[in-house]
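The next block holds one structure in the form of structure tokens; read it before the comments.
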Amino acid sequence: MSMVSTYCPHFSGLRRSSPNLHNAPSQSFLQHFGSQLRLPSSPKPCRAVIAMSGSGKFFVGGNWKCNGTKDSITKLVSDLNSAKLESDVDVVVAPPFVYLDQVTSSLTDRIEVSAQNSWIGKGGAFTGEISVEQLKDIGCKWVILGHSERRHVIGEDDQFIGKKAAFALNEGLGVIACIGELLEEREAGKTFDVCFQQLKAFADVVPSWDNIVIAYEPVWAIGTGKVATPQQAQEVHVAVRDWLKKNVSEEVASKTRIIYGGSVNGSNCGELAKEEDIDGFLVGGASLKGPEFATIVNSVTTKKVAA
């Protein structure tokens with residue numbers, strides 16, 4: 001189904017100039033960049049963008065990051081196993097590496113397991129790395145690649161991430177491919193440029209888009225409590241889908257799921273899910289709370305109402 005988007009928020013930060021933003025400092029690693037944020041509410045008209053809605057199944061991933069103990073993860077898995085989840089949603093969780101075996105051996109088959117990273121090639125003398133073969137051997141179906149914390153804290157670049165994705169896909173793992181801009185890049189009007197550059201690094205090397213989910217995560221919204229408005233997220237999702245249509249194929253643009261991440265929780269997921277090009281979520285902190293994560297998974301019902 002096609003639609004024309006005619007709404008462009010004042011805080012767009014895409015390829016137009018945007019005002020300086022000021023607010024109290026966040027308590028996350030964004031302090032490293034000295035970034036501050038305000039989300040204005042007044043809309044501003046912009047050029048219409050043609051968008052295609054994704055045809056894929058709603059997808060919700062939980063990125064547990066570097067959190068948890070054996071006991072807390074046992075409790076979380078128990079909560080997830082007993083949760084009532086809508087049937088028409090693909091659900092994935094990504095525990096820390098050391099707990100992958102615990103989770104894959106105790107979690108319901110209803111939920112698939114992802115790793116948070118993988119190595120660029122076959123295993124060997126690579127201290128501290130985890131190979132795709134090892135992840136498959138332990139029961140992982142997915143891997144998260146290109147997360148902003150890997151890009152901006154660890155220092156992985158676009159080409160390195162793209163090669164990791166290509167290897168994982170060739171070996172049979174699904175890839176949750178993360179893209180997103182820093183606050184200063186949004187303020188400079190470079191949101192589209194940054195996201196498209198990151199997308200191109202994947203497109204240049206991946207063998208197929210069949211097992212790729214794109215996660216748009218504006219870095220200024222990760223772990224800060226500052227979530228993009230539904231219109232801000234939709235605007236970028238529309239542009240990403242249009243980029244895929246023009247640079248890969250119309251079929252890939254239609255079937256590739258584009259999910260949103262960045263301070264998603266049980267309170268804001270419903271409004272975000274109503275947007276036509278938001279095909280699900282990649283959830284951080286809220287995924288550590290079983291009941292709240294279930295609420296986010298079940299936000300697909302809001303999308304059905306909005307459809």
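Ligands are numbered from 1 in the order shown, residues from 1 within each chain, and chains are lettered A, B, ... in the order they appear in the structure tokens.
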Residues near Phe293 (chain A), anyone? I mean within 10 Å using only C-alpha atoms, not counting same-chain ones fewer than 2 positions away, as an MDAnalysis selection string. chainID A and resid 60:62 79:80 83 85 264:266 283:291 295:299
Please save all heavy atoms of the selected residues as a compact mmCIF listing (two decimals), in the first residue's frame.
```
# COMPACT_ATOMS: atom_id res chain seq x y z
N VAL A 60 9.85 -7.59 16.94
CA VAL A 60 10.29 -6.92 18.16
C VAL A 60 11.50 -7.66 18.73
O VAL A 60 11.44 -8.87 19.00
CB VAL A 60 9.18 -6.86 19.22
CG1 VAL A 60 9.71 -6.21 20.51
CG2 VAL A 60 7.99 -6.07 18.69
N GLY A 61 12.60 -6.93 18.88
CA GLY A 61 13.82 -7.49 19.45
C GLY A 61 14.13 -6.85 20.78
O GLY A 61 13.90 -5.66 20.98
N GLY A 62 14.64 -7.64 21.69
CA GLY A 62 15.07 -7.13 22.99
C GLY A 62 16.58 -7.25 23.13
O GLY A 62 17.12 -8.36 23.11
N ASP A 79 9.48 -15.02 33.15
CA ASP A 79 8.44 -14.05 32.81
C ASP A 79 8.08 -14.11 31.33
O ASP A 79 6.90 -14.04 30.96
CB ASP A 79 8.90 -12.63 33.17
CG ASP A 79 8.93 -12.39 34.67
OD1 ASP A 79 8.30 -13.16 35.42
OD2 ASP A 79 9.59 -11.41 35.09
N LEU A 80 9.09 -14.25 30.48
CA LEU A 80 8.83 -14.31 29.04
C LEU A 80 8.11 -15.61 28.67
O LEU A 80 7.23 -15.62 27.81
CB LEU A 80 10.15 -14.20 28.27
CG LEU A 80 10.86 -12.84 28.37
CD1 LEU A 80 12.24 -12.91 27.67
CD2 LEU A 80 10.02 -11.73 27.76
N ALA A 83 4.47 -15.17 29.43
CA ALA A 83 3.79 -14.01 28.84
C ALA A 83 2.87 -14.44 27.70
O ALA A 83 3.17 -15.38 26.96
CB ALA A 83 4.82 -13.01 28.33
N LEU A 85 1.76 -13.52 24.25
CA LEU A 85 2.25 -12.70 23.15
C LEU A 85 1.38 -12.90 21.91
O LEU A 85 0.98 -14.02 21.59
CB LEU A 85 3.70 -13.07 22.82
CG LEU A 85 4.70 -13.01 23.98
CD1 LEU A 85 6.08 -13.47 23.50
CD2 LEU A 85 4.79 -11.60 24.56
N VAL A 264 12.31 3.06 23.62
CA VAL A 264 10.97 2.50 23.46
C VAL A 264 10.56 1.85 24.78
O VAL A 264 11.33 1.13 25.41
CB VAL A 264 10.94 1.46 22.33
CG1 VAL A 264 9.55 0.82 22.23
CG2 VAL A 264 11.34 2.09 21.02
N ASN A 265 9.31 2.08 25.20
CA ASN A 265 8.82 1.46 26.42
C ASN A 265 7.33 1.13 26.28
O ASN A 265 6.73 1.37 25.22
CB ASN A 265 9.08 2.35 27.64
CG ASN A 265 8.46 3.74 27.51
OD1 ASN A 265 7.32 3.88 27.10
ND2 ASN A 265 9.23 4.76 27.85
N GLY A 266 6.77 0.61 27.36
CA GLY A 266 5.38 0.21 27.31
C GLY A 266 4.40 1.35 27.15
O GLY A 266 3.26 1.15 26.72
N VAL A 283 14.38 -2.97 21.36
CA VAL A 283 14.15 -2.43 22.70
C VAL A 283 15.36 -2.68 23.58
O VAL A 283 15.91 -3.78 23.60
CB VAL A 283 12.91 -3.11 23.33
CG1 VAL A 283 12.55 -2.44 24.65
CG2 VAL A 283 11.73 -3.08 22.36
N GLY A 284 15.76 -1.65 24.33
CA GLY A 284 16.88 -1.78 25.24
C GLY A 284 16.41 -2.07 26.66
O GLY A 284 16.00 -3.17 26.99
N GLY A 285 16.46 -1.05 27.51
CA GLY A 285 16.17 -1.22 28.93
C GLY A 285 14.84 -1.88 29.24
O GLY A 285 14.74 -2.71 30.16
N ALA A 286 13.81 -1.53 28.48
CA ALA A 286 12.49 -2.09 28.75
C ALA A 286 12.42 -3.58 28.46
O ALA A 286 11.51 -4.27 28.94
CB ALA A 286 11.42 -1.34 27.95
N SER A 287 13.37 -4.12 27.69
CA SER A 287 13.36 -5.55 27.40
C SER A 287 13.84 -6.38 28.57
O SER A 287 13.72 -7.61 28.57
CB SER A 287 14.21 -5.86 26.16
OG SER A 287 15.60 -5.66 26.42
N LEU A 288 14.38 -5.71 29.60
CA LEU A 288 14.83 -6.41 30.81
C LEU A 288 13.68 -6.63 31.78
O LEU A 288 13.87 -7.26 32.83
CB LEU A 288 15.95 -5.62 31.49
CG LEU A 288 17.21 -5.39 30.65
CD1 LEU A 288 18.17 -4.45 31.37
CD2 LEU A 288 17.90 -6.72 30.35
N LYS A 289 12.50 -6.13 31.44
CA LYS A 289 11.31 -6.30 32.27
C LYS A 289 10.30 -7.10 31.45
O LYS A 289 9.71 -6.60 30.50
CB LYS A 289 10.73 -4.94 32.64
CG LYS A 289 11.74 -4.02 33.32
CD LYS A 289 11.22 -2.59 33.42
CE LYS A 289 12.28 -1.65 33.98
NZ LYS A 289 11.82 -0.24 34.00
N GLY A 290 10.11 -8.36 31.82
CA GLY A 290 9.29 -9.26 31.03
C GLY A 290 7.90 -8.73 30.70
O GLY A 290 7.51 -8.70 29.53
N PRO A 291 7.13 -8.28 31.69
CA PRO A 291 5.78 -7.79 31.40
C PRO A 291 5.77 -6.57 30.48
O PRO A 291 4.91 -6.47 29.59
CB PRO A 291 5.22 -7.45 32.79
CG PRO A 291 5.98 -8.33 33.73
CD PRO A 291 7.36 -8.41 33.14
N THR A 295 4.23 -6.10 26.63
CA THR A 295 3.37 -4.99 26.21
C THR A 295 3.84 -4.42 24.87
O THR A 295 3.04 -4.12 23.99
CB THR A 295 3.35 -3.89 27.27
OG1 THR A 295 2.77 -4.40 28.48
CG2 THR A 295 2.56 -2.67 26.81
N ILE A 296 5.15 -4.28 24.72
CA ILE A 296 5.71 -3.75 23.49
C ILE A 296 5.47 -4.71 22.33
O ILE A 296 5.08 -4.30 21.22
CB ILE A 296 7.22 -3.44 23.68
CG1 ILE A 296 7.40 -2.37 24.74
CG2 ILE A 296 7.85 -3.01 22.35
CD1 ILE A 296 8.84 -2.17 25.19
N VAL A 297 5.68 -5.99 22.57
CA VAL A 297 5.38 -7.00 21.54
C VAL A 297 3.93 -6.89 21.11
O VAL A 297 3.61 -6.89 19.91
CB VAL A 297 5.68 -8.42 22.07
CG1 VAL A 297 5.16 -9.47 21.09
CG2 VAL A 297 7.18 -8.60 22.29
N ASN A 298 3.04 -6.76 22.08
CA ASN A 298 1.60 -6.76 21.79
C ASN A 298 1.09 -5.42 21.25
O ASN A 298 -0.10 -5.29 20.93
CB ASN A 298 0.82 -7.16 23.04
CG ASN A 298 1.08 -8.61 23.43
OD1 ASN A 298 1.47 -9.43 22.59
ND2 ASN A 298 0.90 -8.94 24.71
N SER A 299 1.99 -4.45 21.11
CA SER A 299 1.58 -3.17 20.51
C SER A 299 1.19 -3.34 19.05
O SER A 299 0.65 -2.43 18.43
CB SER A 299 2.69 -2.13 20.64
OG SER A 299 3.83 -2.49 19.85
```
Need the shell around Gln234 (chain A): protein/DNA/RNA residues with any atom at most 9 Å away, counting only C-alpha atoms. Skip same-chain ones fewer than 4 positions apart. Format as a ChimeraX atom specification? /A:229-230,238-239,272,275-278
Name the residues in contact with Gln197 (chain A) at a cut-off of 10 Å, using only C-alpha atoms, excluding same-chain residues fewer than 6 positions from it; report them as a PyMOL selection string. chain A and resi 158+179+203
Using backbone DSSP assignments, extract all strand (DSSP E or B) residues from region 87-283 of chain A; output them as a VMD selection string. chain A and resid 89 to 94 112 to 115 142 to 145 174 to 179 212 to 216 257 to 261 280 to 283
How about saving the chosen residues, N, CA and C atoms kept, as a CSV table (one decimal), in the first residue's frame?
```
chain,number,residue,atom,x,y,z
A,89,VAL,N,3.7,-11.8,15.5
A,89,VAL,CA,4.9,-11.0,15.8
A,89,VAL,C,6.1,-11.9,15.9
A,90,ASP,N,7.2,-11.6,15.2
A,90,ASP,CA,8.5,-12.3,15.4
A,90,ASP,C,9.1,-11.6,16.6
A,91,VAL,N,9.5,-12.4,17.6
A,91,VAL,CA,10.1,-11.9,18.8
A,91,VAL,C,11.5,-12.5,19.0
A,92,VAL,N,12.4,-11.7,19.3
A,92,VAL,CA,13.8,-12.1,19.4
A,92,VAL,C,14.4,-11.4,20.7
A,93,VAL,N,15.3,-12.1,21.4
A,93,VAL,CA,16.0,-11.5,22.5
A,93,VAL,C,17.5,-11.7,22.4
A,94,ALA,N,18.3,-10.7,22.8
A,94,ALA,CA,19.7,-10.8,22.7
A,94,ALA,C,20.4,-10.7,24.0
A,112,GLU,N,12.9,-16.3,19.6
A,112,GLU,CA,14.2,-16.7,19.1
A,112,GLU,C,15.3,-15.9,19.8
A,113,VAL,N,16.5,-16.4,19.7
A,113,VAL,CA,17.7,-15.8,20.4
A,113,VAL,C,18.7,-15.2,19.4
A,114,SER,N,19.2,-14.1,19.8
A,114,SER,CA,20.1,-13.3,18.9
A,114,SER,C,21.4,-13.1,19.8
A,115,ALA,N,22.5,-13.0,19.1
A,115,ALA,CA,23.7,-12.5,19.7
A,115,ALA,C,23.8,-11.0,19.5
A,142,TRP,N,19.9,-15.1,15.1
A,142,TRP,CA,20.1,-13.7,14.7
A,142,TRP,C,21.4,-13.1,15.3
A,143,VAL,N,21.8,-12.0,14.8
A,143,VAL,CA,22.9,-11.2,15.4
A,143,VAL,C,22.6,-9.8,15.2
A,144,ILE,N,22.9,-8.9,16.2
A,144,ILE,CA,22.7,-7.5,16.0
A,144,ILE,C,24.1,-6.9,15.6
A,145,LEU,N,24.1,-6.2,14.5
A,145,LEU,CA,25.3,-5.6,14.0
A,145,LEU,C,25.1,-4.1,13.7
A,174,GLY,N,20.4,-14.6,10.7
A,174,GLY,CA,19.7,-13.3,10.3
A,174,GLY,C,20.4,-12.1,11.0
A,175,VAL,N,20.3,-11.0,10.3
A,175,VAL,CA,21.0,-9.8,10.8
A,175,VAL,C,20.1,-8.7,11.1
A,176,ILE,N,20.2,-8.1,12.3
A,176,ILE,CA,19.5,-6.9,12.7
A,176,ILE,C,20.5,-5.8,12.5
A,177,ALA,N,20.3,-5.1,11.4
A,177,ALA,CA,21.3,-4.1,10.9
A,177,ALA,C,20.9,-2.7,11.4
A,178,CYS,N,21.7,-2.2,12.3
A,178,CYS,CA,21.4,-0.9,13.0
A,178,CYS,C,22.0,0.3,12.3
A,179,ILE,N,21.2,1.3,12.1
A,179,ILE,CA,21.7,2.6,11.6
A,179,ILE,C,21.1,3.7,12.5
A,212,ILE,N,17.4,-9.8,6.6
A,212,ILE,CA,17.9,-8.6,7.2
A,212,ILE,C,16.7,-7.8,7.8
A,213,VAL,N,16.8,-7.3,9.0
A,213,VAL,CA,15.9,-6.4,9.6
A,213,VAL,C,16.7,-5.1,9.8
A,214,ILE,N,16.2,-4.0,9.4
A,214,ILE,CA,16.9,-2.7,9.6
A,214,ILE,C,16.3,-2.1,10.9
A,215,ALA,N,17.2,-1.7,11.8
A,215,ALA,CA,16.8,-1.0,13.0
A,215,ALA,C,17.3,0.5,12.9
A,216,TYR,N,16.4,1.4,12.8
A,216,TYR,CA,16.7,2.8,12.9
A,216,TYR,C,16.7,3.2,14.3
A,257,ARG,N,11.8,-5.3,6.8
A,257,ARG,CA,11.2,-4.7,7.9
A,257,ARG,C,12.1,-3.6,8.5
A,258,ILE,N,11.6,-2.4,8.8
A,258,ILE,CA,12.3,-1.3,9.3
A,258,ILE,C,11.8,-1.0,10.7
A,259,ILE,N,12.5,-1.3,11.7
A,259,ILE,CA,12.1,-1.2,13.1
A,259,ILE,C,12.7,0.0,13.8
A,260,TYR,N,12.1,0.5,14.8
A,260,TYR,CA,12.6,1.7,15.5
A,260,TYR,C,13.2,1.3,16.9
A,261,GLY,N,14.3,1.9,17.3
A,261,GLY,CA,14.8,1.8,18.6
A,261,GLY,C,15.3,3.1,19.2
A,280,GLY,N,8.1,-2.5,13.8
A,280,GLY,CA,8.4,-3.1,15.0
A,280,GLY,C,9.4,-2.3,15.8
A,281,PHE,N,10.1,-2.9,16.7
A,281,PHE,CA,11.0,-2.2,17.6
A,281,PHE,C,12.2,-3.0,18.0
A,282,LEU,N,13.3,-2.3,18.3
A,282,LEU,CA,14.5,-2.9,18.9
A,282,LEU,C,14.6,-2.2,20.3
A,283,VAL,N,14.4,-3.0,21.4
A,283,VAL,CA,14.1,-2.4,22.7
A,283,VAL,C,15.4,-2.7,23.6
```
Among region 46-188 of chain A, which residues carry a DSSP assignment of helix (DSSP H, G or I), reported as JSON, numbers by chain? {"A": [70, 71, 72, 73, 74, 75, 76, 77, 78, 79, 80, 81, 82, 97, 98, 99, 100, 101, 102, 103, 104, 105, 106, 132, 133, 134, 135, 136, 137, 148, 149, 150, 151, 152, 153, 154, 158, 159, 160, 161, 162, 163, 164, 165, 166, 167, 168, 169, 170, 183, 184, 185, 186, 187]}
Atoms kept (N, CA and C atoms) for selection, written as a compact mmCIF listing (two decimals), in the first residue's frame:
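Contents of out-v6.txt, freshly written:
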```txt
# COMPACT_ATOMS: atom_id res chain seq x y z
N LYS A 70 22.95 -14.66 36.41
CA LYS A 70 22.25 -15.93 36.22
C LYS A 70 20.86 -15.89 36.84
N ASP A 71 20.77 -15.33 38.04
CA ASP A 71 19.48 -15.32 38.74
C ASP A 71 18.48 -14.38 38.07
N SER A 72 18.94 -13.15 37.69
CA SER A 72 18.00 -12.20 37.09
C SER A 72 17.54 -12.68 35.73
N ILE A 73 18.41 -13.36 34.99
CA ILE A 73 18.03 -13.85 33.67
C ILE A 73 17.10 -15.06 33.80
N THR A 74 17.30 -15.87 34.83
CA THR A 74 16.35 -16.95 35.08
C THR A 74 14.94 -16.39 35.31
N LYS A 75 14.86 -15.32 36.09
CA LYS A 75 13.56 -14.68 36.35
C LYS A 75 12.98 -14.07 35.07
N LEU A 76 13.81 -13.40 34.29
CA LEU A 76 13.35 -12.77 33.06
C LEU A 76 12.85 -13.82 32.07
N VAL A 77 13.58 -14.91 31.92
CA VAL A 77 13.15 -15.98 31.02
C VAL A 77 11.83 -16.57 31.50
N SER A 78 11.68 -16.73 32.80
CA SER A 78 10.43 -17.25 33.35
C SER A 78 9.26 -16.32 33.01
N ASP A 79 9.48 -15.02 33.15
CA ASP A 79 8.44 -14.05 32.81
C ASP A 79 8.08 -14.11 31.33
N LEU A 80 9.09 -14.25 30.48
CA LEU A 80 8.83 -14.31 29.04
C LEU A 80 8.11 -15.61 28.67
N ASN A 81 8.49 -16.70 29.30
CA ASN A 81 7.85 -17.98 29.01
C ASN A 81 6.37 -17.98 29.36
N SER A 82 6.00 -17.20 30.37
CA SER A 82 4.60 -17.17 30.81
C SER A 82 3.80 -16.03 30.19
N PHE A 97 26.70 -12.58 25.85
CA PHE A 97 27.29 -13.83 25.34
C PHE A 97 27.34 -14.93 26.40
N VAL A 98 27.74 -14.58 27.62
CA VAL A 98 27.96 -15.61 28.63
C VAL A 98 26.68 -16.29 29.08
N TYR A 99 25.52 -15.70 28.74
CA TYR A 99 24.25 -16.30 29.13
C TYR A 99 23.47 -16.87 27.95
N LEU A 100 24.08 -16.90 26.78
CA LEU A 100 23.38 -17.41 25.61
C LEU A 100 22.93 -18.85 25.80
N ASP A 101 23.82 -19.68 26.33
CA ASP A 101 23.48 -21.09 26.51
C ASP A 101 22.34 -21.25 27.51
N GLN A 102 22.39 -20.49 28.60
CA GLN A 102 21.33 -20.54 29.59
C GLN A 102 19.98 -20.18 28.98
N VAL A 103 19.98 -19.15 28.14
CA VAL A 103 18.72 -18.68 27.55
C VAL A 103 18.22 -19.63 26.47
N THR A 104 19.09 -20.06 25.58
CA THR A 104 18.64 -20.95 24.50
C THR A 104 18.12 -22.27 25.04
N SER A 105 18.62 -22.71 26.20
CA SER A 105 18.19 -24.00 26.75
C SER A 105 16.93 -23.89 27.61
N SER A 106 16.50 -22.67 27.94
CA SER A 106 15.36 -22.52 28.85
C SER A 106 14.23 -21.66 28.31
N VAL A 132 30.49 -16.75 14.09
CA VAL A 132 29.14 -17.10 13.66
C VAL A 132 28.89 -18.59 13.86
N GLU A 133 29.91 -19.41 13.57
CA GLU A 133 29.76 -20.85 13.74
C GLU A 133 29.43 -21.21 15.18
N GLN A 134 30.09 -20.53 16.12
CA GLN A 134 29.81 -20.79 17.54
C GLN A 134 28.40 -20.36 17.92
N LEU A 135 27.97 -19.24 17.38
CA LEU A 135 26.63 -18.75 17.68
C LEU A 135 25.56 -19.72 17.15
N LYS A 136 25.75 -20.21 15.95
CA LYS A 136 24.81 -21.18 15.39
C LYS A 136 24.83 -22.47 16.20
N ASP A 137 26.02 -22.89 16.63
CA ASP A 137 26.15 -24.13 17.38
C ASP A 137 25.38 -24.08 18.70
N SER A 148 24.91 1.46 17.66
CA SER A 148 25.66 2.71 17.85
C SER A 148 26.74 2.57 18.91
N GLU A 149 26.53 1.72 19.90
CA GLU A 149 27.56 1.54 20.92
C GLU A 149 28.78 0.81 20.35
N ARG A 150 28.57 -0.03 19.35
CA ARG A 150 29.70 -0.64 18.65
C ARG A 150 30.37 0.37 17.72
N ARG A 151 29.56 1.22 17.10
CA ARG A 151 30.12 2.22 16.18
C ARG A 151 30.89 3.31 16.93
N HIS A 152 30.25 3.91 17.94
CA HIS A 152 30.77 5.15 18.51
C HIS A 152 31.55 4.96 19.81
N VAL A 153 31.39 3.82 20.47
CA VAL A 153 32.18 3.55 21.66
C VAL A 153 33.34 2.62 21.34
N ILE A 154 33.05 1.55 20.59
CA ILE A 154 34.09 0.57 20.24
C ILE A 154 34.88 1.04 19.02
N ASP A 158 31.72 1.69 9.05
CA ASP A 158 30.65 1.17 8.20
C ASP A 158 31.08 -0.06 7.41
N GLN A 159 32.28 -0.02 6.84
CA GLN A 159 32.73 -1.12 5.99
C GLN A 159 32.96 -2.40 6.80
N PHE A 160 33.52 -2.25 7.98
CA PHE A 160 33.77 -3.40 8.86
C PHE A 160 32.44 -4.05 9.25
N ILE A 161 31.46 -3.23 9.58
CA ILE A 161 30.15 -3.72 9.97
C ILE A 161 29.47 -4.42 8.79
N GLY A 162 29.59 -3.82 7.61
CA GLY A 162 29.00 -4.43 6.42
C GLY A 162 29.58 -5.81 6.14
N LYS A 163 30.89 -5.94 6.30
CA LYS A 163 31.53 -7.23 6.05
C LYS A 163 31.10 -8.27 7.09
N LYS A 164 30.92 -7.84 8.32
CA LYS A 164 30.43 -8.76 9.34
C LYS A 164 29.03 -9.25 8.99
N ALA A 165 28.21 -8.33 8.51
CA ALA A 165 26.85 -8.70 8.13
C ALA A 165 26.85 -9.69 6.97
N ALA A 166 27.68 -9.43 5.98
CA ALA A 166 27.74 -10.32 4.82
C ALA A 166 28.16 -11.73 5.24
N PHE A 167 29.14 -11.82 6.12
CA PHE A 167 29.60 -13.15 6.55
C PHE A 167 28.51 -13.87 7.34
N ALA A 168 27.86 -13.15 8.25
CA ALA A 168 26.81 -13.77 9.06
C ALA A 168 25.67 -14.28 8.18
N LEU A 169 25.27 -13.47 7.20
CA LEU A 169 24.19 -13.88 6.30
C LEU A 169 24.58 -15.08 5.46
N ASN A 170 25.81 -15.08 4.97
CA ASN A 170 26.29 -16.22 4.17
C ASN A 170 26.33 -17.50 4.97
N LEU A 183 23.34 13.23 17.60
CA LEU A 183 22.59 14.48 17.74
C LEU A 183 23.19 15.59 16.89
N GLU A 184 24.53 15.71 16.92
CA GLU A 184 25.14 16.79 16.16
C GLU A 184 24.95 16.61 14.65
N GLU A 185 24.83 15.36 14.20
CA GLU A 185 24.57 15.10 12.79
C GLU A 185 23.13 15.49 12.43
N ARG A 186 22.20 15.24 13.34
CA ARG A 186 20.83 15.67 13.09
C ARG A 186 20.74 17.19 13.07
N GLU A 187 21.39 17.83 14.04
CA GLU A 187 21.36 19.29 14.09
C GLU A 187 21.98 19.92 12.85
```
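Using only C-alpha atoms, the nearest neighbour of Pro95 (chain A) within the list A:Ile120, A:Thr69, A:Thr108, A:Lys255 is A:Thr69.
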Measuring between only C-alpha atoms, which one of A:Gly172, A:Glu129, A:Asp210, A:Ser118 shows the shortest distance to Glu251 (chain A)? A:Asp210
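Here CA of Glu217 (chain A) and CA of Glu181 (chain A) stand 7.6 Å from one another.
When CA of Lys200 (chain A) is paired with CA of Trp64 (chain A), their separation reads 27.3 Å.
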Which distance in Å separates CA of Lys274 (chain A) and CA of Asp88 (chain A), to one decimal? 15.7 Å
Using only C-alpha atoms, can you tell me which of A:Thr256, A:Pro96, A:Gly56, A:Thr301 comes closest to Gly68 (chain A)? A:Pro96
